[in-house]
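Shown here: entry.txt, compact mmCIF, C-alpha atoms.
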```txt
# COMPACT_ATOMS: atom_id res chain seq x y z
CA MET A 1326 -107.05 105.37 65.88
CA ILE A 1327 -105.56 101.88 65.96
CA THR A 1328 -107.94 99.03 65.21
CA TYR A 1329 -107.57 95.56 66.74
CA GLN A 1330 -106.65 94.28 63.25
CA LEU A 1331 -103.58 96.52 63.23
CA THR A 1332 -102.50 95.30 66.67
CA SER A 1333 -102.93 91.65 65.82
CA MET A 1334 -101.20 92.17 62.46
CA ALA A 1335 -98.22 93.83 64.16
CA ILE A 1336 -97.88 91.04 66.71
CA GLY A 1337 -98.24 88.29 64.09
CA ILE A 1338 -95.83 89.77 61.57
CA GLY A 1339 -93.37 90.73 64.32
CA LEU A 1340 -93.21 87.21 65.73
CA ALA A 1341 -92.92 85.65 62.30
CA ALA A 1342 -90.14 88.07 61.38
CA ILE A 1343 -88.13 87.24 64.52
CA ILE A 1344 -88.47 83.49 63.87
CA LEU A 1345 -87.50 83.80 60.20
CA PHE A 1346 -84.52 85.94 61.18
CA LEU A 1347 -83.33 83.30 63.67
CA VAL A 1348 -83.79 80.47 61.17
CA ARG A 1349 -81.89 82.38 58.49
CA ARG A 1350 -79.09 83.07 60.97
CA ASP A 1351 -78.81 79.32 61.59
CA HIS A 1352 -79.67 79.62 65.27
CA LEU A 1353 -82.25 76.83 65.07
CA HIS A 1354 -81.29 73.29 64.20
CA GLY A 1355 -83.15 71.42 61.39
CA PRO A 1356 -86.27 69.83 62.93
CA TYR A 1357 -86.76 72.76 65.32
CA ALA A 1358 -86.56 75.18 62.43
CA ILE A 1359 -89.39 73.34 60.66
CA TRP A 1360 -91.62 73.55 63.74
CA TRP A 1361 -90.89 77.24 64.16
CA ILE A 1362 -91.41 78.10 60.49
CA GLY A 1363 -94.83 76.49 60.82
CA THR A 1364 -95.46 78.55 63.93
CA ALA A 1365 -94.35 81.71 62.18
CA ALA A 1366 -96.71 81.06 59.27
CA THR A 1367 -99.65 80.35 61.62
CA VAL A 1368 -98.97 83.41 63.73
CA ALA A 1369 -98.70 85.65 60.68
CA LEU A 1370 -101.89 84.22 59.15
CA LEU A 1371 -103.89 84.62 62.35
CA GLY A 1372 -102.44 88.08 62.90
CA LEU A 1373 -103.51 89.20 59.44
CA PHE A 1374 -106.93 87.51 59.59
CA PRO A 1375 -108.01 87.36 63.22
CA ARG A 1376 -111.56 86.63 62.03
CA LEU A 1377 -110.40 83.12 61.05
CA PHE A 1378 -110.95 82.01 64.63
CA ASP A 1379 -114.57 83.19 64.58
CA VAL A 1380 -115.21 80.98 61.54
CA LEU A 1381 -113.36 78.03 63.08
CA ALA A 1382 -115.13 78.43 66.44
CA SER A 1383 -118.60 78.49 64.91
CA LYS A 1384 -117.75 75.34 62.90
CA MET A 1385 -116.56 73.62 66.09
CA GLY A 1386 -119.53 74.69 68.16
CA VAL A 1387 -117.58 77.02 70.43
CA SER A 1388 -119.68 80.03 71.31
CA TYR A 1389 -116.84 82.28 72.48
CA PRO A 1390 -114.05 82.17 69.85
CA PRO A 1391 -111.17 83.65 71.95
CA VAL A 1392 -111.42 80.64 74.31
CA LEU A 1393 -110.78 78.32 71.37
CA ALA A 1394 -107.67 80.32 70.50
CA ILE A 1395 -106.39 80.15 74.07
CA VAL A 1396 -107.11 76.44 74.52
CA LEU A 1397 -105.54 75.51 71.18
CA GLY A 1398 -102.49 77.68 71.87
CA PHE A 1399 -102.09 76.21 75.34
CA SER A 1400 -102.36 72.61 74.10
CA LEU A 1401 -99.73 73.24 71.46
CA LEU A 1402 -97.43 74.76 74.08
CA LEU A 1403 -97.85 71.69 76.31
CA LEU A 1404 -97.18 69.42 73.34
CA LYS A 1405 -94.06 71.35 72.49
CA MET A 1406 -92.83 71.13 76.09
CA LEU A 1407 -93.45 67.41 76.11
CA THR A 1408 -91.42 66.89 72.95
CA MET A 1409 -88.68 69.08 74.44
CA ASP A 1410 -88.39 66.80 77.47
CA LEU A 1411 -88.42 63.73 75.23
CA ASP A 1412 -85.57 65.25 73.30
CA ARG A 1413 -83.71 66.16 76.47
CA SER A 1414 -83.98 62.57 77.68
CA ARG A 1415 -82.66 61.33 74.35
CA GLN A 1416 -79.77 63.78 74.61
CA GLU A 1417 -79.08 62.80 78.22
CA ARG A 1418 -78.69 59.19 77.09
CA LEU A 1419 -76.35 60.25 74.29
CA ILE A 1420 -74.27 62.46 76.59
CA ARG A 1421 -73.89 59.67 79.14
CA ARG A 1422 -72.83 57.15 76.49
CA LEU A 1423 -70.42 59.73 75.10
CA ALA A 1424 -68.86 60.47 78.50
CA GLN A 1425 -68.44 56.73 79.08
CA ARG A 1426 -66.83 56.28 75.70
CA LEU A 1427 -64.49 59.19 76.31
CA ALA A 1428 -63.42 57.62 79.60
CA MET A 1429 -62.69 54.33 77.81
CA LEU A 1430 -60.67 56.13 75.13
CA GLU A 1431 -58.69 58.10 77.70
CA ALA A 1432 -57.83 54.92 79.59
CA GLN A 1433 -56.67 53.31 76.35
CA GLU A 1434 -54.60 56.35 75.46
CA ILE A 1435 -52.81 56.23 78.80
CA SER A 1436 -52.13 52.51 78.57
CA SER A 1437 -50.93 52.72 74.96
CA SER A 1438 -48.62 55.63 75.79
CA THR A 1439 -47.04 53.69 78.65
CA GLN A 1440 -46.79 50.41 76.77
CA PRO A 1441 -47.02 49.92 73.03
CA PRO A 1442 -49.89 47.67 71.92
CA SER A 1443 -48.84 44.05 71.68
CA PRO A 1444 -48.68 42.61 68.16
CA SER A 1445 -51.36 40.03 68.95
CA ARG A 1446 -53.83 42.87 69.43
CA THR A 1447 -53.23 44.55 66.12
CA LYS A 1448 -53.44 41.61 63.81
CA GLY A 1449 -56.43 39.66 62.69
CA GLY A 1450 -60.15 40.21 62.99
CA GLU A 1451 -62.43 42.85 61.56
CA ARG A 1452 -62.18 46.32 62.92
CA ASN A 1453 -64.81 48.29 64.66
CA PRO A 1454 -66.24 50.52 61.93
CA GLU A 1455 -67.07 53.20 64.45
CA THR A 1456 -63.46 53.74 65.32
CA THR A 1457 -61.85 56.06 62.85
CA GLU A 1458 -58.74 56.89 64.81
CA PRO A 1459 -56.01 54.43 63.83
CA GLU A 1460 -54.53 54.21 67.34
CA LEU A 1461 -57.88 53.25 68.76
CA ALA A 1462 -58.52 50.61 66.14
CA ALA A 1463 -55.13 49.15 66.89
CA ALA A 1464 -55.52 49.21 70.65
CA SER A 1465 -59.03 47.82 70.99
CA PRO A 1466 -59.70 44.19 70.19
CA PRO A 1467 -62.42 43.52 67.63
CA LEU A 1468 -65.86 43.21 69.10
CA PRO A 1469 -68.41 40.60 68.18
CA GLN A 1470 -71.22 41.99 66.05
CA GLY A 1471 -73.77 41.98 68.88
CA GLU A 1472 -71.63 44.03 71.19
CA ARG A 1473 -70.73 46.48 68.46
CA ASP A 1474 -74.38 47.20 67.83
CA ARG A 1475 -74.89 48.01 71.46
CA GLU A 1476 -72.03 50.47 71.63
CA MET B 437 -56.97 40.30 74.76
CA ALA B 438 -58.20 38.97 78.07
CA GLU B 439 -58.23 35.33 78.96
CA PRO B 440 -61.81 34.14 78.86
CA ASP B 441 -61.87 32.82 82.43
CA CYS B 442 -60.26 35.82 84.01
CA PRO B 443 -62.79 38.14 85.69
CA ILE B 444 -62.34 41.88 85.74
CA VAL B 445 -62.93 43.89 88.91
CA LEU B 446 -64.76 47.21 88.49
CA ILE B 447 -64.67 49.82 91.25
CA PRO B 448 -66.70 53.01 90.82
CA ALA B 449 -65.16 55.79 92.91
CA HIS B 450 -66.13 59.36 93.68
CA ASN B 451 -63.77 61.18 96.04
CA GLU B 452 -62.51 58.00 97.70
CA GLU B 453 -58.77 58.73 97.81
CA ALA B 454 -58.56 57.53 101.43
CA THR B 455 -59.68 53.97 100.72
CA VAL B 456 -59.44 53.22 97.00
CA GLY B 457 -55.71 52.51 97.02
CA THR B 458 -56.03 49.86 99.73
CA ILE B 459 -58.93 48.13 97.99
CA VAL B 460 -57.11 48.00 94.65
CA ALA B 461 -53.98 46.65 96.30
CA GLN B 462 -55.96 44.04 98.26
CA VAL B 463 -57.82 42.81 95.19
CA ARG B 464 -54.64 42.62 93.15
CA LEU B 465 -52.87 40.76 95.95
CA LEU B 466 -55.64 38.18 96.43
CA TRP B 467 -56.71 37.79 92.81
CA SER B 468 -54.28 38.41 90.04
CA CYS B 469 -57.04 39.86 87.89
CA PRO B 470 -57.16 43.31 86.30
CA VAL B 471 -58.73 46.06 88.42
CA VAL B 472 -60.49 49.01 86.81
CA VAL B 473 -61.36 52.09 88.83
CA ILE B 474 -63.98 54.32 87.25
CA ASP B 475 -63.28 57.80 88.53
CA ASP B 476 -66.65 59.54 88.65
CA CYS B 477 -65.38 63.09 88.31
CA SER B 478 -63.59 63.15 91.66
CA SER B 479 -62.20 66.43 92.88
CA ASP B 480 -59.49 64.72 94.94
CA THR B 481 -56.62 62.44 93.92
CA THR B 482 -58.70 59.26 93.59
CA ALA B 483 -57.53 58.62 90.02
CA GLN B 484 -53.86 59.05 90.87
CA VAL B 485 -54.06 56.89 93.99
CA ALA B 486 -55.84 54.13 92.04
CA ARG B 487 -53.32 54.29 89.20
CA ASN B 488 -50.41 54.11 91.63
CA ALA B 489 -51.99 51.04 93.23
CA GLY B 490 -51.96 49.34 89.84
CA ALA B 491 -55.51 49.87 88.58
CA THR B 492 -56.58 50.96 85.13
CA VAL B 493 -58.42 54.24 85.58
CA LEU B 494 -61.39 55.27 83.45
CA PRO B 495 -61.73 59.02 84.04
CA LEU B 496 -65.30 60.26 83.50
CA THR B 497 -65.53 63.85 82.32
CA LEU B 498 -69.08 64.23 83.65
CA GLN B 499 -70.35 62.91 86.93
CA LEU B 500 -72.65 60.04 85.99
CA GLY B 501 -73.35 58.60 89.45
CA ALA B 502 -72.65 55.10 90.70
CA TRP B 503 -74.60 53.30 87.99
CA GLY B 504 -73.20 55.42 85.14
CA ALA B 505 -69.73 54.62 86.41
CA ILE B 506 -70.42 50.89 86.64
CA GLN B 507 -71.88 50.87 83.15
CA THR B 508 -68.72 52.55 81.89
CA GLY B 509 -66.77 49.71 83.46
CA LEU B 510 -69.04 47.08 81.93
CA ARG B 511 -68.69 48.60 78.46
CA TYR B 512 -64.94 48.74 78.89
CA ALA B 513 -64.84 45.13 80.09
CA LEU B 514 -66.85 43.95 77.07
CA ARG B 515 -64.61 45.89 74.70
CA GLN B 516 -61.57 44.29 76.25
CA GLY B 517 -63.12 40.85 75.84
CA TYR B 518 -63.79 39.93 79.47
CA ARG B 519 -66.65 37.55 80.15
CA THR B 520 -67.15 38.06 83.89
CA ALA B 521 -67.20 41.30 85.86
CA ILE B 522 -67.16 41.93 89.60
CA THR B 523 -68.26 45.26 91.02
CA LEU B 524 -67.06 46.48 94.36
CA ASP B 525 -67.56 49.70 96.32
CA ALA B 526 -64.50 51.90 96.73
CA ASP B 527 -65.21 52.70 100.37
CA GLY B 528 -63.97 49.42 101.80
CA GLN B 529 -67.36 47.93 102.69
CA HIS B 530 -66.76 44.72 100.77
CA GLU B 531 -64.19 42.05 101.49
CA PRO B 532 -62.13 41.16 98.41
CA GLN B 533 -61.73 37.56 99.62
CA ASP B 534 -65.50 37.08 99.21
CA ILE B 535 -65.19 37.50 95.45
CA SER B 536 -64.85 33.73 95.13
CA LEU B 537 -68.24 33.29 96.82
CA LEU B 538 -69.81 35.52 94.17
CA LEU B 539 -68.05 33.80 91.28
CA GLN B 540 -69.08 30.29 92.27
CA PRO B 541 -72.78 30.52 91.23
CA LEU B 542 -71.72 32.00 87.89
CA ILE B 543 -69.22 29.22 87.27
CA ASP B 544 -71.82 26.60 88.22
CA GLY B 545 -74.28 28.21 85.85
CA GLN B 546 -76.79 28.77 88.64
CA ALA B 547 -77.24 32.45 87.92
CA ALA B 548 -76.30 35.29 85.59
CA VAL B 549 -75.80 37.72 88.44
CA ALA B 550 -74.70 37.06 92.00
CA ILE B 551 -75.22 39.74 94.61
CA GLY B 552 -73.21 39.85 97.81
CA ALA B 553 -75.86 40.48 100.42
CA PHE B 554 -75.53 41.65 103.97
CA PRO B 555 -79.02 42.80 104.92
CA GLU B 556 -78.03 43.24 108.58
CA ARG B 557 -76.15 46.41 107.68
CA ALA B 558 -79.38 48.23 106.93
CA SER B 559 -80.78 50.90 109.18
CA ARG B 560 -84.48 50.86 110.06
CA ALA B 561 -85.32 53.46 107.40
CA ARG B 562 -83.45 51.52 104.77
CA ARG B 563 -85.24 48.30 105.70
CA ILE B 564 -88.59 50.02 105.29
CA ALA B 565 -87.49 51.33 101.89
CA TRP B 566 -86.35 47.85 100.78
CA ASN B 567 -89.56 46.22 101.96
CA TYR B 568 -91.55 48.80 100.08
CA PHE B 569 -89.62 48.20 96.84
CA ARG B 570 -89.85 44.43 97.26
CA TRP B 571 -93.59 44.81 97.61
CA LEU B 572 -93.78 47.15 94.61
CA THR B 573 -91.67 45.05 92.25
CA GLY B 574 -92.19 41.52 93.51
CA LEU B 575 -88.42 41.08 93.66
CA LYS B 576 -87.47 38.55 96.30
CA LEU B 577 -83.96 39.86 96.99
CA GLU B 578 -82.91 40.78 100.52
CA ASP B 579 -80.22 43.38 99.87
CA ILE B 580 -81.44 45.45 96.94
CA THR B 581 -78.81 48.18 96.98
CA SER B 582 -75.67 46.10 97.44
CA GLY B 583 -72.89 47.19 95.10
CA PHE B 584 -70.98 43.94 95.53
CA ARG B 585 -71.99 41.90 92.50
CA ALA B 586 -70.74 39.49 89.88
CA TYR B 587 -72.11 39.62 86.33
CA ASN B 588 -71.71 37.00 83.63
CA HIS B 589 -71.28 37.84 79.95
CA THR B 590 -75.01 37.89 79.11
CA ALA B 591 -75.81 40.16 82.05
CA MET B 592 -72.89 42.43 81.16
CA THR B 593 -74.16 42.76 77.58
CA VAL B 594 -77.71 43.51 78.69
CA LEU B 595 -76.58 46.11 81.20
CA ALA B 596 -74.10 47.79 78.87
CA SER B 597 -76.93 48.54 76.44
CA ARG B 598 -78.50 51.93 75.76
CA GLU B 599 -81.62 50.77 77.54
CA ALA B 600 -79.76 50.83 80.85
CA SER B 601 -78.06 54.19 80.24
CA LEU B 602 -80.85 56.35 81.60
CA LEU B 603 -80.90 54.61 84.97
CA ASP B 604 -79.66 56.73 87.84
CA TYR B 605 -79.16 54.06 90.48
CA GLN B 606 -77.77 50.57 90.29
CA ASP B 607 -80.48 48.88 92.34
CA VAL B 608 -84.13 48.43 91.41
CA GLY B 609 -83.93 49.59 87.79
CA VAL B 610 -81.02 47.27 87.05
CA LEU B 611 -82.68 44.31 88.77
CA LEU B 612 -85.88 44.91 86.81
CA ILE B 613 -84.01 44.94 83.50
CA LEU B 614 -82.31 41.67 84.44
CA ARG B 615 -85.62 40.08 85.34
CA ARG B 616 -87.24 41.33 82.14
CA LYS B 617 -84.51 39.67 80.12
CA GLY B 618 -85.10 36.45 82.02
CA LEU B 619 -81.70 36.51 83.71
CA HIS B 620 -81.45 34.73 86.99
CA THR B 621 -80.18 36.70 89.99
CA ILE B 622 -79.19 35.12 93.29
CA GLU B 623 -77.93 36.46 96.57
CA VAL B 624 -74.88 35.19 98.36
CA PRO B 625 -74.49 36.07 102.02
CA VAL B 626 -71.23 37.91 102.65
CA ALA B 627 -69.73 39.92 105.48
CA MET B 628 -69.50 43.68 105.14
CA GLN B 629 -67.39 46.22 106.96
CA PRO B 630 -69.02 49.33 108.28
CA ARG B 631 -68.33 52.18 105.90
CA VAL B 632 -64.91 53.51 106.86
CA LEU B 633 -65.23 57.05 105.60
CA GLY B 634 -67.85 59.10 103.86
CA ALA B 635 -71.55 58.42 103.61
CA SER B 636 -73.82 56.44 101.33
CA ARG B 637 -74.45 58.22 98.07
CA VAL B 638 -78.17 57.58 98.21
CA PHE B 639 -79.03 57.81 101.91
CA ARG B 640 -77.49 61.23 102.42
CA SER B 641 -80.24 63.66 103.21
CA TRP B 642 -84.02 63.61 103.36
CA TRP B 643 -84.26 65.56 100.15
CA VAL B 644 -82.07 63.09 98.28
CA VAL B 645 -83.91 60.14 99.84
CA GLY B 646 -87.27 61.63 98.87
CA LYS B 647 -86.13 62.15 95.29
CA TYR B 648 -84.73 58.64 95.16
CA MET B 649 -87.90 57.05 96.56
CA LEU B 650 -90.15 58.96 94.19
CA GLN B 651 -88.02 58.29 91.11
CA THR B 652 -87.61 54.59 91.91
CA SER B 653 -91.31 54.14 92.71
CA LEU B 654 -92.19 55.65 89.36
CA LEU B 655 -89.67 53.36 87.67
CA CYS B 656 -91.35 50.34 89.30
CA LEU B 657 -94.85 51.48 88.44
CA ALA B 658 -93.87 52.26 84.86
CA ARG B 659 -92.84 48.63 84.44
CA VAL B 660 -95.98 47.06 85.92
CA GLY B 661 -97.25 44.32 83.64
CA TYR B 662 -94.58 45.10 81.09
CA ASN B 663 -92.87 42.02 79.72
CA HIS B 664 -93.12 40.23 83.01
CA LEU B 665 -91.32 36.98 82.66
CA PRO B 666 -92.14 34.60 85.47
CA PRO B 667 -89.55 35.31 88.14
CA ALA B 668 -87.07 32.53 88.58
CA ALA B 669 -87.47 30.37 91.68
CA ASP B 670 -85.34 32.33 94.09
CA ASP B 671 -84.65 35.65 92.46
```
Kindly return the structure encoded in the file as structure tokens.
Amino acid sequence: MITYQLTSMAIGIGLAAIILFLVRRDHLHGPYAIWWIGTAATVALLGLFPRLFDVLASKMGVSYPPVLAIVLGFSLLLLKMLTMDLDRSRQERLIRRLAQRLAMLEAQEISSSTQPPSPSRTKGGERNPETTEPELAAASPPLPQGERDRE
Amino acid sequence: MAEPDCPIVLIPAHNEEATVGTIVAQVRLLWSCPVVVIDDCSSDTTAQVARNAGATVLPLTLQLGAWGAIQTGLRYALRQGYRTAITLDADGQHEPQDISLLLQPLIDGQAAVAIGAFPERASRARRIAWNYFRWLTGLKLEDITSGFRAYNHTAMTVLASREASLLDYQDVGVLLILRRKGLHTIEVPVAMQPRVLGASRVFRSWWVVGKYMLQTSLLCLARVGYNHLPPAADD
């Protein structure tokens, strides 16, 4: 005879184990790993002690505890999805800037392979600290501070 | 390093091999200024044609759309030290000899951005869309979507920033950023040729138009009451 405690324990521990396995295998990047470790701990705790929700619900004035679990779980899911889209937008911006920069570099590479950079370009002025490749630093004129910050 | 007075001409192009060569050649013939073609991931020989015609080609590895391509050009122009940029469509709609009309207000210091406007080209649907956006944003411009523009150094710097990188179209979002930064935009009437080949990138199908209208409306609404500088007299 399997009790509901056994079922909930199996689900909780199982989920936590999968998450920990993925984190240990380096499949989740830093900040995501922290979120998921927290999730794993919560899931394991609630799986082992499903009665925790009854206590919490009575303290919060909810008469039917499972609803509290569902509502809380759902809100957290929505929150997670929202942060995912925020992150995707941030990445979209980065990817676009990166593609633009790559295009600029490729154009410079072509022009510097057809004609060597003139001496007036290479001398004088501070160099863009972001450019590590020597050819690039030589081919691009120094930028004023304001423009460099916007790059 | 570029001469400070010399403008740079930026032409975003996506599969425009039929026309881009002629435009580049025309611009180079009329104005001895550098021409940059931003190849927005074309699947045809646009890049090669442009290069053969004497343009510098910026090849994008991902398709970023018209605005993403123009921003690439603006960033490149700033890096190369240019202080004025002209943008032109690659499909032959704009007359290169009108570039001087666009440059004049910038030279006189009347405006930071001059837009070559030809509102008569608009279809009925497009007019309705423009009226709607004018009403939504309070912009007073006639030809909102024109790609024939001249930017001064301040406008170039503002539009090359990260803030402008998530825009998908070069019209309303760009104009709102300019207004927010207190930059003056004016329109200059110019003549435009009917599009020789291909179709507008925005007004292509009802689905695309719907997406565009919804996205741009949201963009306008999201900016309501946000840093509204008093609009300049005729912008």
Selection: 6 Å around region 500-509 of chain B, only C-alpha atoms, excl. self and same-chain fewer than 6 positions, as a PyMOL selection string: (chain A and resi 1425) or (chain B and resi 446+448+474+596+605-606)
Please produce a file of the residues just selected, as an mmCIF file, in the coordinates of the input, where the atoms kept are C-alpha atoms.
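Result written to out30.cif:
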```
data_model
loop_
_atom_site.group_PDB
_atom_site.id
_atom_site.type_symbol
_atom_site.label_atom_id
_atom_site.label_comp_id
_atom_site.auth_asym_id
_atom_site.auth_seq_id
_atom_site.Cartn_x
_atom_site.Cartn_y
_atom_site.Cartn_z
ATOM 1 C CA GLN A 1425 -68.440 56.730 79.080
ATOM 2 C CA LEU B 446 -64.760 47.210 88.490
ATOM 3 C CA PRO B 448 -66.700 53.010 90.820
ATOM 4 C CA ILE B 474 -63.980 54.320 87.250
ATOM 5 C CA ALA B 596 -74.100 47.790 78.870
ATOM 6 C CA TYR B 605 -79.160 54.060 90.480
ATOM 7 C CA GLN B 606 -77.770 50.570 90.290
#
```
Could you list, with a cut-off of 6 Å and counting all atoms listed in the file, the residues of chain A near chain B, each shown with its nearest atom pair and the distance in Å rounded to one decimal, rows sorted by chain and ascending number, as CSV?
```
residue,atom,partner,partner_atom,distance
A:Arg1418,CA,B:Leu602,CA,5.8
A:Gln1425,CA,B:Thr508,CA,5.0
A:Ala1428,CA,B:Leu494,CA,4.9
A:Met1429,CA,B:Leu494,CA,5.9
A:Ala1432,CA,B:Leu494,CA,5.3
A:Arg1475,CA,B:Ser597,CA,5.4
```
Distance criterion (all atoms listed in the file): nearest to Val1396 (chain A) out of A:Met1409, A:Ala1382, A:Ala1358, A:Leu1370: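 Of all the options, A:Ala1382 lies closest to Val1396 (chain A).
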Length of the CA of Gln462 (chain B) to CA of Pro532 (chain B) vector [Å]: 6.8 Å
Contact residues around Ile622 (chain B) with only C-alpha atoms at 9 Å, ignoring same-chain residues under 4 positions, as a list of chain:residue names: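 Returned residues: B:Pro541, B:Gln546, B:Ala547, B:Ala548, B:Val549, B:Ala550, B:Ile551, B:Gly552, B:Leu577, B:Asp670, B:Asp671.
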Straight-line distance linking CA of Gly1372 (chain A) with CA of Gln1330 (chain A), stated in Å to one decimal: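 Straight-line distance from CA of Gly1372 (chain A) to CA of Gln1330 (chain A) works out to 7.5 Å.
Atom pair CA of Leu465 (chain B) / CA of Thr481 (chain B): separated by 22.1 Å.
When all atoms listed in the file are used to measure the gap to Leu611 (chain B), the shortest distance among B:Val463, B:Met628, B:Val644, B:Leu655 belongs to B:Leu655.
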Neighbour list for His530 (chain B) as number ranges by chain, cut-off 7 Å, only C-alpha atoms, skip fewer than 2 positions in-chain: B: 524-525, 528, 532, 584, 628-629
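The nearest approach to Ala627 (chain B) among the residues B:Thr581, B:Gln533, B:Thr482, B:Ser559, with all atoms listed in the file taken into account, belongs to B:Gln533.
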All residues 10 Å or closer to region 1344-1348 of chain A, all atoms listed in the file, same chain fewer than 5 positions away omitted, as number ranges by chain: A: 1338-1339, 1353-1355, 1357-1359, 1361-1366
With C-alpha atoms kept, could you save the residues just selected as a short mmCIF file (atom, residue, chain, number, x, y, z; two decimals), keeping the file's coordinate frame?
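Contents of again-v1.cif, freshly written:
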```cif
data_model
loop_
_atom_site.label_atom_id
_atom_site.label_comp_id
_atom_site.auth_asym_id
_atom_site.auth_seq_id
_atom_site.Cartn_x
_atom_site.Cartn_y
_atom_site.Cartn_z
CA ILE A 1338 -95.83 89.77 61.57
CA GLY A 1339 -93.37 90.73 64.32
CA LEU A 1353 -82.25 76.83 65.07
CA HIS A 1354 -81.29 73.29 64.20
CA GLY A 1355 -83.15 71.42 61.39
CA TYR A 1357 -86.76 72.76 65.32
CA ALA A 1358 -86.56 75.18 62.43
CA ILE A 1359 -89.39 73.34 60.66
CA TRP A 1361 -90.89 77.24 64.16
CA ILE A 1362 -91.41 78.10 60.49
CA GLY A 1363 -94.83 76.49 60.82
CA THR A 1364 -95.46 78.55 63.93
CA ALA A 1365 -94.35 81.71 62.18
CA ALA A 1366 -96.71 81.06 59.27
#
```
Test item: which residues lie within 12 Å of (-74.3, 30.9, 87.2) counting only C-alpha atoms, as a list in words: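 Output: Thr520, Leu537, Leu538, Leu539, Gln540, Pro541, Leu542, Ile543, Asp544, Gly545, Gln546, Ala547, Ala548, Val549, Ala550, Ile551, Ala586, Tyr587, Asn588, His589, Thr590, Ala591, Leu619, His620, Thr621, Ile622, Glu623 and Val624 of chain B.
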Let's have the selection written as a PDB file, keeping the file's coordinate frame, with C-alpha atoms.
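Generated output (again-v8.pdb):
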```pdb
ATOM      1  CA  THR B 520     -67.150  38.060  83.890  1.00  0.00           C
ATOM      2  CA  LEU B 537     -68.240  33.290  96.820  1.00  0.00           C
ATOM      3  CA  LEU B 538     -69.810  35.520  94.170  1.00  0.00           C
ATOM      4  CA  LEU B 539     -68.050  33.800  91.280  1.00  0.00           C
ATOM      5  CA  GLN B 540     -69.080  30.290  92.270  1.00  0.00           C
ATOM      6  CA  PRO B 541     -72.780  30.520  91.230  1.00  0.00           C
ATOM      7  CA  LEU B 542     -71.720  32.000  87.890  1.00  0.00           C
ATOM      8  CA  ILE B 543     -69.220  29.220  87.270  1.00  0.00           C
ATOM      9  CA  ASP B 544     -71.820  26.600  88.220  1.00  0.00           C
ATOM     10  CA  GLY B 545     -74.280  28.210  85.850  1.00  0.00           C
ATOM     11  CA  GLN B 546     -76.790  28.770  88.640  1.00  0.00           C
ATOM     12  CA  ALA B 547     -77.240  32.450  87.920  1.00  0.00           C
ATOM     13  CA  ALA B 548     -76.300  35.290  85.590  1.00  0.00           C
ATOM     14  CA  VAL B 549     -75.800  37.720  88.440  1.00  0.00           C
ATOM     15  CA  ALA B 550     -74.700  37.060  92.000  1.00  0.00           C
ATOM     16  CA  ILE B 551     -75.220  39.740  94.610  1.00  0.00           C
ATOM     17  CA  ALA B 586     -70.740  39.490  89.880  1.00  0.00           C
ATOM     18  CA  TYR B 587     -72.110  39.620  86.330  1.00  0.00           C
ATOM     19  CA  ASN B 588     -71.710  37.000  83.630  1.00  0.00           C
ATOM     20  CA  HIS B 589     -71.280  37.840  79.950  1.00  0.00           C
ATOM     21  CA  THR B 590     -75.010  37.890  79.110  1.00  0.00           C
ATOM     22  CA  ALA B 591     -75.810  40.160  82.050  1.00  0.00           C
ATOM     23  CA  LEU B 619     -81.700  36.510  83.710  1.00  0.00           C
ATOM     24  CA  HIS B 620     -81.450  34.730  86.990  1.00  0.00           C
ATOM     25  CA  THR B 621     -80.180  36.700  89.990  1.00  0.00           C
ATOM     26  CA  ILE B 622     -79.190  35.120  93.290  1.00  0.00           C
ATOM     27  CA  GLU B 623     -77.930  36.460  96.570  1.00  0.00           C
ATOM     28  CA  VAL B 624     -74.880  35.190  98.360  1.00  0.00           C
TER      29      VAL B 624
END
```
Shell around Phe1378 (chain A) at 9 Å using all atoms listed in the file, local window under 2 positions removed, as number ranges by chain: A: 1371, 1374-1376, 1380-1383, 1390-1391, 1393-1394
Just C-alpha atoms for this one: save the residues we selected as an mmCIF file, in the coordinates of the input.
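So the final result, stored in selection.cif, reads:
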```cif
data_model
loop_
_atom_site.group_PDB
_atom_site.id
_atom_site.type_symbol
_atom_site.label_atom_id
_atom_site.label_comp_id
_atom_site.auth_asym_id
_atom_site.auth_seq_id
_atom_site.Cartn_x
_atom_site.Cartn_y
_atom_site.Cartn_z
ATOM 1 C CA LEU A 1371 -103.890 84.620 62.350
ATOM 2 C CA PHE A 1374 -106.930 87.510 59.590
ATOM 3 C CA PRO A 1375 -108.010 87.360 63.220
ATOM 4 C CA ARG A 1376 -111.560 86.630 62.030
ATOM 5 C CA VAL A 1380 -115.210 80.980 61.540
ATOM 6 C CA LEU A 1381 -113.360 78.030 63.080
ATOM 7 C CA ALA A 1382 -115.130 78.430 66.440
ATOM 8 C CA SER A 1383 -118.600 78.490 64.910
ATOM 9 C CA PRO A 1390 -114.050 82.170 69.850
ATOM 10 C CA PRO A 1391 -111.170 83.650 71.950
ATOM 11 C CA LEU A 1393 -110.780 78.320 71.370
ATOM 12 C CA ALA A 1394 -107.670 80.320 70.500
#
```
